[in-house]
There are 2 protein chains.
Amino acid sequence: MAGVPVPLERVINELVKLPGIGEKTATRLAFHLTRADRNDVEGLANSLLSMREELYTCSVCCALAGADPCELCCDPRRSDEIVCVVEEAADLAAVERSGGFQGRYHVLQGTLSPLDGIGPDDLRITELVRRLGSGTVRELIIATNPTAEGEATALYVANLTKPLGVTVSRIAHGLPMGGDVEYADLATLGKALEGRREM
Amino acid sequence: MAGVPVPLERVINELVKLPGIGEKTATRLAFHLTRADRNDVEGLANSLLSMREELYTCSVCCALAGADPCELCCDPRRSDEIVCVVEEAADLAAVERSGGFQGRYHVLQGTLSPLDGIGPDDLRITELVRRLGSGTVRELIIATNPTAEGEATALYVANLTKPLGVTVSRIAHGLPMGGDVEYADLATLGKALEGRREM
């Protein structure tokens, strides 16, 4: 790259591989790192190197975790009776941040996507069915994304688990808080009407 | 952080220190890195670690460089007679990308900023004056930013170097290409009128 020394160019080339980071942002970040505290740069590099070594997949909920079983599966204050099913570890973190859930989780690690060749065996569905076998789980909340793949996965999981005697629910779809009826897309508004609740 | 394992949280905490990266972006990037190719993650970490070791300040132009003197100062195709003075190494890279300059550079490594206690001795001005001493440089283009500090620095450098017998010029200020006269700010429009050229 013109006017950029090679060691810096190497950092830029690595940064642009990240999602949402273009060449301009990568260049800005790289130049910032040349001026930043040496400890900060080493801290970032070392946290990246150790992350992959120290992350496990929890054998109970299949989430990314610092230990196996994970902190959430071990927490005695959480209810064993209700399990929230999400697509990815990032979704688990989002639900957890909302503070509205005190049960356990199950991470599918993806969605059904026949076009990409991803079938039920590629997801952690067998592990979910095995968890339900013990009989302690009474409700399953399916919190996959409201996309075609997420809906298909939700339906598949619901059909598979309902016969096992658990209540299966789906998170509500509708207008986001602070949203605007006028500007809502048709699908969202349709779902909001369909899912109306008596007040 | 709720629902985020400690090794991942460590990465997020390091990423949010970067400019323009908030907690949400940092979390998204960190989760991406858990799924990314292990080589990419190690490549990023190692490029960060080696960058600081392999970057020098060029003893001629004071730019960040992979060697001393830097590639640009050693390039025999560039003219020694004209020197472009910039604030930071990132500015040098920007001018170089424009492809419109074939001379040498000088990086001041900052601007005069009395409020922050930055005076002429904190910048690489002595090095610039020393370069002019050899008599080969005939023109100086001052490409500091069009900010209060950048303008003050430009004026200071011009007053100091003109008596040494070099032509000193300032890059043009005016409407950016693709800009809009209607929406241009007053200062920019004023500078554009002032700097008009016969056509």
# chains A, B, ... in the order shown; residues from 1 in each chain; ligands from 1

call {"tool": "interface_residues", "arguments": {"of": "chain A", "to": "chain B", "cutoff": "6 Å", "atoms": "only C-alpha atoms", "output": "PyMOL selection string"}}
result
chain A and resi 2-7+11+14+44-45+47+51+65-66+93+96-97

call {"tool": "residues_around", "arguments": {"residues": "stretch 106-115 of chain B", "least_positions_apart": "5", "cutoff": "7 Å", "atoms": "only C-alpha atoms", "output": "list in words"}}
result
Cys61, Cys62, Ala63, Val83, Cys84, Val85, Val86, Glu87, Glu88, Ala89, Pro120, Leu123, Arg124, Ile125, Leu128, Glu149, Gly150, Ala152 and Thr153 of chain B

call {"tool": "write_last_selection", "arguments": {"atoms": "all heavy atoms", "output": "short mmCIF file (atom, residue, chain, number, x, y, z; two decimals), in the first residue's frame"}}
result
data_model
loop_
_atom_site.label_atom_id
_atom_site.label_comp_id
_atom_site.auth_asym_id
_atom_site.auth_seq_id
_atom_site.Cartn_x
_atom_site.Cartn_y
_atom_site.Cartn_z
N CYS B 61 13.10 11.66 7.11
CA CYS B 61 11.80 12.35 6.98
C CYS B 61 10.93 12.22 8.23
O CYS B 61 9.85 12.79 8.28
CB CYS B 61 11.06 11.83 5.76
SG CYS B 61 10.48 10.14 5.95
N CYS B 62 11.39 11.46 9.22
CA CYS B 62 10.67 11.28 10.49
C CYS B 62 9.34 10.55 10.33
O CYS B 62 8.48 10.63 11.22
CB CYS B 62 10.46 12.61 11.21
SG CYS B 62 11.98 13.52 11.44
N ALA B 63 9.16 9.83 9.20
CA ALA B 63 7.95 9.04 9.01
C ALA B 63 8.11 7.69 9.69
O ALA B 63 9.22 7.25 9.98
CB ALA B 63 7.69 8.83 7.52
N VAL B 83 9.65 19.00 -1.07
CA VAL B 83 9.33 18.25 0.14
C VAL B 83 7.92 18.62 0.61
O VAL B 83 7.58 19.81 0.71
CB VAL B 83 10.36 18.55 1.26
CG1 VAL B 83 9.89 17.96 2.60
CG2 VAL B 83 11.73 18.00 0.90
N CYS B 84 7.11 17.60 0.87
CA CYS B 84 5.75 17.82 1.37
C CYS B 84 5.76 17.61 2.89
O CYS B 84 6.13 16.55 3.38
CB CYS B 84 4.80 16.83 0.69
SG CYS B 84 3.11 16.99 1.24
N VAL B 85 5.34 18.65 3.62
CA VAL B 85 5.36 18.60 5.08
C VAL B 85 3.98 18.22 5.60
O VAL B 85 3.00 18.90 5.30
CB VAL B 85 5.78 19.97 5.66
CG1 VAL B 85 5.77 19.94 7.18
CG2 VAL B 85 7.14 20.38 5.13
N VAL B 86 3.89 17.12 6.34
CA VAL B 86 2.59 16.67 6.87
C VAL B 86 2.66 16.55 8.39
O VAL B 86 3.75 16.53 8.97
CB VAL B 86 2.15 15.33 6.26
CG1 VAL B 86 1.85 15.46 4.78
CG2 VAL B 86 3.21 14.25 6.50
N GLU B 87 1.46 16.43 9.02
CA GLU B 87 1.43 16.32 10.48
C GLU B 87 1.83 14.92 10.94
O GLU B 87 2.67 14.75 11.81
CB GLU B 87 0.01 16.61 11.00
CG GLU B 87 -0.40 18.06 10.84
CD GLU B 87 -1.82 18.32 11.34
OE1 GLU B 87 -2.36 17.48 12.09
OE2 GLU B 87 -2.39 19.36 10.97
N GLU B 88 1.17 13.91 10.35
CA GLU B 88 1.33 12.55 10.85
C GLU B 88 1.64 11.57 9.72
O GLU B 88 1.36 11.87 8.55
CB GLU B 88 0.02 12.08 11.52
CG GLU B 88 -0.45 12.92 12.68
CD GLU B 88 0.37 12.69 13.94
OE1 GLU B 88 1.25 11.81 13.92
OE2 GLU B 88 0.14 13.40 14.93
N ALA B 89 2.12 10.40 10.07
CA ALA B 89 2.41 9.36 9.10
C ALA B 89 1.16 8.99 8.29
O ALA B 89 1.24 8.69 7.10
CB ALA B 89 2.96 8.12 9.80
N PRO B 120 7.27 24.23 19.38
CA PRO B 120 8.10 23.85 18.23
C PRO B 120 9.11 22.74 18.55
O PRO B 120 9.39 21.90 17.70
CB PRO B 120 8.81 25.14 17.87
CG PRO B 120 7.97 26.23 18.44
CD PRO B 120 7.32 25.69 19.65
N LEU B 123 8.00 19.14 18.02
CA LEU B 123 7.78 18.66 16.65
C LEU B 123 9.13 18.44 15.98
O LEU B 123 10.16 18.85 16.51
CB LEU B 123 6.96 19.69 15.86
CG LEU B 123 5.63 20.12 16.50
CD1 LEU B 123 4.92 21.09 15.58
CD2 LEU B 123 4.76 18.91 16.77
N ARG B 124 9.10 17.80 14.81
CA ARG B 124 10.35 17.53 14.12
C ARG B 124 10.71 18.68 13.18
O ARG B 124 10.91 18.47 11.98
CB ARG B 124 10.25 16.20 13.36
CG ARG B 124 9.91 15.02 14.25
CD ARG B 124 10.93 14.87 15.39
NE ARG B 124 10.69 13.68 16.17
CZ ARG B 124 11.40 12.55 16.04
NH1 ARG B 124 12.39 12.50 15.18
NH2 ARG B 124 11.11 11.49 16.78
N ILE B 125 10.73 19.89 13.73
CA ILE B 125 11.00 21.08 12.92
C ILE B 125 12.50 21.28 12.75
O ILE B 125 12.98 21.63 11.66
CB ILE B 125 10.32 22.33 13.56
CG1 ILE B 125 8.80 22.18 13.43
CG2 ILE B 125 10.79 23.61 12.87
CD1 ILE B 125 8.00 23.29 14.06
N LEU B 128 13.67 19.31 9.97
CA LEU B 128 13.30 19.89 8.68
C LEU B 128 14.28 20.98 8.28
O LEU B 128 14.78 21.02 7.15
CB LEU B 128 11.87 20.45 8.76
CG LEU B 128 11.37 21.17 7.52
CD1 LEU B 128 11.32 20.23 6.31
CD2 LEU B 128 10.00 21.79 7.75
N GLU B 149 -4.84 24.52 14.68
CA GLU B 149 -3.48 24.07 14.99
C GLU B 149 -2.67 23.85 13.71
O GLU B 149 -1.50 24.23 13.65
CB GLU B 149 -3.50 22.76 15.79
CG GLU B 149 -4.00 22.89 17.21
CD GLU B 149 -5.50 22.79 17.29
OE1 GLU B 149 -6.14 22.59 16.23
OE2 GLU B 149 -6.05 22.92 18.40
N GLY B 150 -3.32 23.26 12.71
CA GLY B 150 -2.62 22.99 11.45
C GLY B 150 -2.21 24.27 10.75
O GLY B 150 -1.10 24.38 10.21
N ALA B 152 -1.74 27.24 12.20
CA ALA B 152 -0.70 27.90 13.00
C ALA B 152 0.65 27.24 12.73
O ALA B 152 1.67 27.93 12.58
CB ALA B 152 -1.05 27.81 14.49
N THR B 153 0.65 25.93 12.65
CA THR B 153 1.89 25.20 12.39
C THR B 153 2.43 25.54 11.01
O THR B 153 3.63 25.76 10.83
CB THR B 153 1.64 23.68 12.51
OG1 THR B 153 0.98 23.43 13.75
CG2 THR B 153 2.94 22.90 12.46
#

call {"tool": "closest_residue", "arguments": {"among": "A:Ala148, A:Val129, A:Met199, A:Ala192", "to": "A:Met177", "atoms": "only C-alpha atoms"}}
result
A:Ala192

call {"tool": "select_by_dssp", "arguments": {"residues": "chain A", "states": "strand (DSSP E or B)", "output": "list in words"}}
result
Tyr56, Thr57, Leu64, Ala65, Ile82, Val83, Cys84, Val85, Val86, Arg104, Tyr105, His106, Val107, Ser113, Ile118, Glu139, Leu140, Ile141, Ile142, Thr167, Val168, Ser169 and Arg170 of chain A

call {"tool": "closest_residue", "arguments": {"among": "B:Val157, B:Val16, B:Val181, B:Ala172", "to": "B:Thr126", "atoms": "only C-alpha atoms"}}
result
B:Val157

call {"tool": "atom_distance", "arguments": {"atom1": "atom CA of B:Lys24", "atom2": "atom CA of A:Cys58"}}
result
23.8 Å

call {"tool": "select_by_dssp", "arguments": {"residues": "stretch 46-78 of chain A", "states": "alpha helix (DSSP H)", "output": "ChimeraX atom specification"}}
result
/A:46-54,71-74

call {"tool": "write_last_selection", "arguments": {"atoms": "N, CA, C and O atoms", "output": "compact mmCIF listing (two decimals), in the first residue's frame"}}
result
# COMPACT_ATOMS: atom_id res chain seq x y z
N ASN A 46 -2.43 -10.57 22.95
CA ASN A 46 -2.41 -11.73 23.84
C ASN A 46 -3.81 -12.24 24.15
O ASN A 46 -4.02 -13.45 24.28
N SER A 47 -4.79 -11.30 24.25
CA SER A 47 -6.16 -11.75 24.53
C SER A 47 -6.68 -12.57 23.35
O SER A 47 -7.43 -13.53 23.53
N LEU A 48 -6.26 -12.19 22.14
CA LEU A 48 -6.68 -12.93 20.94
C LEU A 48 -6.05 -14.32 20.94
O LEU A 48 -6.71 -15.32 20.63
N LEU A 49 -4.76 -14.38 21.29
CA LEU A 49 -4.06 -15.67 21.27
C LEU A 49 -4.61 -16.62 22.33
O LEU A 49 -4.76 -17.81 22.09
N SER A 50 -4.91 -16.07 23.52
CA SER A 50 -5.36 -16.96 24.59
C SER A 50 -6.83 -17.34 24.44
O SER A 50 -7.25 -18.41 24.88
N MET A 51 -7.62 -16.46 23.77
CA MET A 51 -9.06 -16.72 23.65
C MET A 51 -9.36 -18.11 23.11
O MET A 51 -10.13 -18.86 23.69
N ARG A 52 -8.73 -18.43 21.97
CA ARG A 52 -9.05 -19.70 21.34
C ARG A 52 -8.63 -20.89 22.19
O ARG A 52 -9.22 -21.96 22.11
N GLU A 53 -7.59 -20.71 22.99
CA GLU A 53 -7.12 -21.81 23.84
C GLU A 53 -8.05 -22.02 25.03
O GLU A 53 -8.20 -23.14 25.52
N GLU A 54 -8.66 -20.91 25.49
CA GLU A 54 -9.40 -20.97 26.75
C GLU A 54 -10.90 -21.10 26.57
O GLU A 54 -11.64 -21.10 27.55
N GLU A 71 -20.70 -21.55 33.23
CA GLU A 71 -21.17 -20.81 34.39
C GLU A 71 -22.70 -20.81 34.51
O GLU A 71 -23.26 -20.97 35.59
N LEU A 72 -23.38 -20.64 33.35
CA LEU A 72 -24.83 -20.54 33.36
C LEU A 72 -25.47 -21.88 33.68
O LEU A 72 -26.50 -21.95 34.34
N CYS A 73 -24.86 -22.97 33.21
CA CYS A 73 -25.40 -24.30 33.48
C CYS A 73 -25.16 -24.69 34.94
O CYS A 73 -25.86 -25.55 35.48
N CYS A 74 -24.15 -24.08 35.58
CA CYS A 74 -23.80 -24.44 36.95
C CYS A 74 -24.51 -23.57 37.98
O CYS A 74 -24.52 -23.89 39.16
